[in-house]
Amino acid sequence: MDHDQLSSTFAALADPTRRAILSRLATGEASVTELAEPFDMSLPAVTKHLKVLQRAGLVIQGREAQWRPCRLQAKPMREAAEWMEPYRRHWEQRLDRLEDYLRETATKGARRPRQGRVK
Amino acid sequence: MSSHARSVKHGSFVIERLFNYDPGALFHAWTDPKAKARWFNGPADKWTEDVREMDVRVGGRDRLIGKFVDGSESRFEAQYFDVVPERRLVYTYDMYWQGKKISVSLASIEFVAQGKGGTKLIVTEQHAFLDGYEDGGSRERGTLGLIDNLGVALGGGDTRIPRS
């Protein structure tokens with residue numbers, strides 16, 4: 001993935017207001033006015049934060065309705081998380097295989113030194 | 001990578017998972033060579049094992065070398081610092097990719113008996129990523145698949161864990 005995208009994703013996430021906006025959008029689309037409600041700041045200030053999120057590709061604003069709803073774009077964040085956590089992900093895959101292995105050998109009753117099965 | 005030359009970045013994580021098998025079964029899967037080879041490896045369709053050596057005891061070393069379909073080589077070299085049968089494994093490991101050392105890590109594996117015959121497995125890893133390879137080299141390889149061979153020789157060695 002392209003590094004500039006990662007940089008803008010992380011830069012966009014490096015602000016509590018913008019993270020709160022993203023959390024709100026994770027529950028569904030919202031208008032700019034709705035997004036501004038919980039914050040003690042002016043509408044233009046919130047709009048400014050939204051622009052950062054839009055430039056980073058984390059939020060898109062629809063054109064179809066008059067109220068122009070904002071929507072979360074999850075992909076860049078997912079990519080950022082993946083970029084940060086390859087070792088963890090690697091482990092998760094390994095442990096999946098470990099679980100498969102244990103299930104298989106338990107079924108066969110093979111090679112395990114002890115009874116480990118609970119169910 | 002020149003801008004990253006001689007850089008070190010640090011990262012850590014903890015993974016916990018519950019298994020319906022007792023600590024003995026889990027520990028066996030981590031320390032018996034045949035058992036370990038079944039799950040501690042790269043993706044079957046993308047990676048082939050060249051060398052696997054295991055010696056699970058304090059001071060003992062593991063090595064796992066393999067190649068991906070694109071020809072790139074990964075090498076894992078570990079040394080055990082603490083081995084408590086059915087309880088704990090602590091080891092350090094170096095990861096190499098294409099002969100370059102890309103990370104040095106400390107891994108602590110805890111096997112915690114849980115309920116009746118279950119085990120909570122706790123994997124804690126602390127990494128020093130070298131020279132910009134905090135992504136395990138996957139950017140240079142052009143695919144995240146490399147990660148499938150990274151890190152961590154769990155277990156290794158003998159069914160009967162030698163005490164030292």
# chains A, B, ... in the order shown; residues from 1 in each chain; ligands from 1

call {"tool": "residues_around", "arguments": {"residues": "segment 81-96 of chain B", "least_positions_apart": "6", "cutoff": "7 Å", "atoms": "only C-alpha atoms", "output": "list in words"}}
result
Pro23, Gly24, Phe27, Arg57, Val58, Gly59, Ser74, Arg75, Ile102, Ser103, Val104, Ser105, Leu106, Ala107, Ser108, Ile109, Glu110, Phe111, Val112, Leu150, Gly151, Val152 and Ile161 of chain B

call {"tool": "write_last_selection", "arguments": {"atoms": "C-alpha atoms", "output": "CSV table (one decimal), in the first residue's frame"}}
result
chain,number,residue,atom,x,y,z
B,23,PRO,CA,-1.7,-27.4,29.3
B,24,GLY,CA,0.0,-30.7,28.7
B,27,PHE,CA,2.8,-27.7,25.6
B,57,ARG,CA,15.9,-26.2,26.9
B,58,VAL,CA,17.4,-23.2,28.6
B,59,GLY,CA,20.2,-22.1,26.2
B,74,SER,CA,13.2,-16.1,5.7
B,75,ARG,CA,15.2,-17.3,8.7
B,102,ILE,CA,15.0,-7.3,10.5
B,103,SER,CA,13.9,-7.8,14.0
B,104,VAL,CA,15.0,-9.0,17.5
B,105,SER,CA,12.2,-10.1,19.7
B,106,LEU,CA,11.4,-11.5,23.2
B,107,ALA,CA,8.5,-14.0,23.3
B,108,SER,CA,6.9,-15.2,26.5
B,109,ILE,CA,4.4,-18.1,26.1
B,110,GLU,CA,2.3,-18.8,29.2
B,111,PHE,CA,0.1,-21.9,29.6
B,112,VAL,CA,-2.5,-21.2,32.2
B,150,LEU,CA,7.8,-14.6,10.5
B,151,GLY,CA,8.7,-15.0,13.9
B,152,VAL,CA,8.5,-17.3,16.6
B,161,ILE,CA,11.5,-31.5,27.8

call {"tool": "residues_around", "arguments": {"residues": "Glu49 of chain B", "least_positions_apart": "4", "cutoff": "12 Å", "atoms": "only C-alpha atoms", "output": "list in words"}}
result
Ala37, Arg38, Phe40, Asn41, Gly42, Pro43, Ala44, Asp45, Glu53, Arg63, Leu64, Ile65, Gly66, Lys67, Phe68, Val69, Glu73, Ser74, Arg75, Phe76 and Asn149 of chain B

call {"tool": "write_last_selection", "arguments": {"atoms": "N, CA and C atoms", "output": "short mmCIF file (atom, residue, chain, number, x, y, z; two decimals), in the first residue's frame"}}
result
data_model
loop_
_atom_site.label_atom_id
_atom_site.label_comp_id
_atom_site.auth_asym_id
_atom_site.auth_seq_id
_atom_site.Cartn_x
_atom_site.Cartn_y
_atom_site.Cartn_z
N ALA B 37 5.70 -28.92 13.75
CA ALA B 37 5.80 -28.77 12.30
C ALA B 37 4.43 -28.74 11.64
N ARG B 38 3.44 -29.24 12.33
CA ARG B 38 2.10 -29.27 11.77
C ARG B 38 1.45 -27.90 11.72
N PHE B 40 3.35 -24.77 13.03
CA PHE B 40 4.29 -23.65 13.04
C PHE B 40 5.05 -23.61 11.73
N ASN B 41 4.45 -23.01 10.73
CA ASN B 41 5.09 -22.96 9.43
C ASN B 41 4.45 -21.87 8.59
N GLY B 42 4.97 -21.70 7.39
CA GLY B 42 4.40 -20.70 6.49
C GLY B 42 3.17 -21.26 5.81
N PRO B 43 2.51 -20.43 5.00
CA PRO B 43 1.32 -20.90 4.31
C PRO B 43 1.65 -22.03 3.34
N ALA B 44 0.88 -23.10 3.37
CA ALA B 44 1.20 -24.30 2.61
C ALA B 44 1.36 -24.02 1.12
N ASP B 45 0.60 -23.09 0.59
CA ASP B 45 0.64 -22.85 -0.85
C ASP B 45 1.74 -21.87 -1.26
N GLU B 53 15.19 -26.89 12.99
CA GLU B 53 15.95 -27.48 14.10
C GLU B 53 15.35 -26.98 15.41
N ARG B 63 15.94 -23.16 14.89
CA ARG B 63 16.13 -22.49 13.60
C ARG B 63 15.03 -22.94 12.67
N LEU B 64 14.50 -22.01 11.92
CA LEU B 64 13.52 -22.36 10.90
C LEU B 64 13.80 -21.50 9.68
N ILE B 65 14.18 -22.18 8.60
CA ILE B 65 14.51 -21.47 7.37
C ILE B 65 13.57 -21.97 6.28
N GLY B 66 13.05 -21.04 5.53
CA GLY B 66 12.14 -21.44 4.47
C GLY B 66 12.16 -20.45 3.31
N LYS B 67 11.53 -20.88 2.23
CA LYS B 67 11.47 -20.01 1.04
C LYS B 67 10.03 -19.82 0.61
N PHE B 68 9.76 -18.59 0.17
CA PHE B 68 8.47 -18.30 -0.41
C PHE B 68 8.52 -18.57 -1.91
N VAL B 69 7.34 -18.62 -2.51
CA VAL B 69 7.28 -18.93 -3.94
C VAL B 69 8.04 -17.91 -4.78
N GLU B 73 13.97 -15.67 1.03
CA GLU B 73 14.23 -16.58 2.14
C GLU B 73 13.98 -15.91 3.48
N SER B 74 13.34 -16.62 4.36
CA SER B 74 13.17 -16.12 5.72
C SER B 74 13.90 -17.07 6.67
N ARG B 75 14.43 -16.48 7.70
CA ARG B 75 15.16 -17.29 8.67
C ARG B 75 14.80 -16.82 10.08
N PHE B 76 14.47 -17.77 10.90
CA PHE B 76 14.10 -17.51 12.28
C PHE B 76 15.12 -18.22 13.15
N ASN B 149 5.71 -16.27 7.48
CA ASN B 149 6.83 -17.07 7.94
C ASN B 149 7.62 -16.39 9.03
#

call {"tool": "select_by_dssp", "arguments": {"residues": "segment 22-151 of chain B", "states": "strand (DSSP E or B)", "output": "ChimeraX atom specification"}}
result
/B:47-53,61-68,73-84,88-97,100-114,118-130

call {"tool": "interface_residues", "arguments": {"of": "chain B", "to": "chain A", "cutoff": "7 Å", "atoms": "only C-alpha atoms", "output": "PyMOL selection string"}}
result
chain B and resi 13+20-22+24-25+38-40+116-118+135+147-148

call {"tool": "write_last_selection", "arguments": {"atoms": "C-alpha atoms", "output": "tab-separated table (two decimals), in the first residue's frame"}}
result
chain	number	residue	atom	x	y	z
B	13	PHE	CA	1.49	-7.12	21.78
B	20	ASN	CA	-10.37	-26.77	25.20
B	21	TYR	CA	-7.23	-28.78	25.80
B	22	ASP	CA	-5.14	-29.03	28.91
B	24	GLY	CA	0.00	-30.68	28.68
B	25	ALA	CA	-1.56	-30.99	25.23
B	38	ARG	CA	2.10	-29.27	11.77
B	39	TRP	CA	1.15	-25.74	12.67
B	40	PHE	CA	4.29	-23.65	13.04
B	116	LYS	CA	-11.64	-28.27	33.74
B	117	GLY	CA	-9.00	-29.32	31.25
B	118	GLY	CA	-8.79	-26.02	29.40
B	135	ASP	CA	6.29	-4.45	8.89
B	147	ILE	CA	4.62	-12.43	7.58
B	148	ASP	CA	3.35	-15.92	7.34

call {"tool": "select_by_dssp", "arguments": {"residues": "segment 24-130 of chain B", "states": "alpha helix (DSSP H)", "output": "NGL selection string"}}
result
:B and (24-31 or 33-39)

call {"tool": "closest_residue", "arguments": {"among": "A:Glu104, A:Arg71, A:Glu34, A:Arg18", "to": "Lys48 of chain A", "atoms": "only C-alpha atoms"}}
result
A:Arg18

call {"tool": "atom_distance", "arguments": {"atom1": "atom CA of Met41 of chain A", "atom2": "atom CA of Thr17 of chain A"}}
result
10.0 Å

call {"tool": "atom_distance", "arguments": {"atom1": "atom CA of Arg61 of chain B", "atom2": "atom CA of Pro33 of chain B"}}
result
13.0 Å

call {"tool": "closest_residue", "arguments": {"among": "B:Gly71, B:Ser7, B:Gly115, B:Phe129", "to": "Lys46 of chain B", "atoms": "only C-alpha atoms"}}
result
B:Gly71

call {"tool": "atom_distance", "arguments": {"atom1": "atom CA of Asp55 of chain B", "atom2": "atom CA of Thr119 of chain B"}}
result
23.8 Å

call {"tool": "residues_around", "arguments": {"residues": "Phe39 of chain A", "least_positions_apart": "6", "cutoff": "10 Å", "atoms": "only C-alpha atoms", "output": "PyMOL selection string"}}
result
chain A and resi 17+20-21+45-46

call {"tool": "write_last_selection", "arguments": {"atoms": "N, CA and C atoms", "output": "PDB file, in the first residue's frame"}}
result
ATOM      1  N   THR A  17     -10.829  14.645  18.411  1.00  0.00           N
ATOM      2  CA  THR A  17     -12.109  15.011  17.796  1.00  0.00           C
ATOM      3  C   THR A  17     -12.362  14.165  16.554  1.00  0.00           C
ATOM      4  N   ALA A  20     -13.319  10.734  17.490  1.00  0.00           N
ATOM      5  CA  ALA A  20     -14.705  10.684  17.970  1.00  0.00           C
ATOM      6  C   ALA A  20     -15.677  10.722  16.786  1.00  0.00           C
ATOM      7  N   ILE A  21     -15.357  11.539  15.788  1.00  0.00           N
ATOM      8  CA  ILE A  21     -16.198  11.591  14.583  1.00  0.00           C
ATOM      9  C   ILE A  21     -16.238  10.225  13.901  1.00  0.00           C
ATOM     10  N   ALA A  45     -15.347  24.615  12.534  1.00  0.00           N
ATOM     11  CA  ALA A  45     -14.236  23.857  13.126  1.00  0.00           C
ATOM     12  C   ALA A  45     -14.427  22.357  12.881  1.00  0.00           C
ATOM     13  N   VAL A  46     -15.666  21.912  13.044  1.00  0.00           N
ATOM     14  CA  VAL A  46     -15.955  20.497  12.789  1.00  0.00           C
ATOM     15  C   VAL A  46     -15.762  20.181  11.307  1.00  0.00           C
TER      16      VAL A  46
END
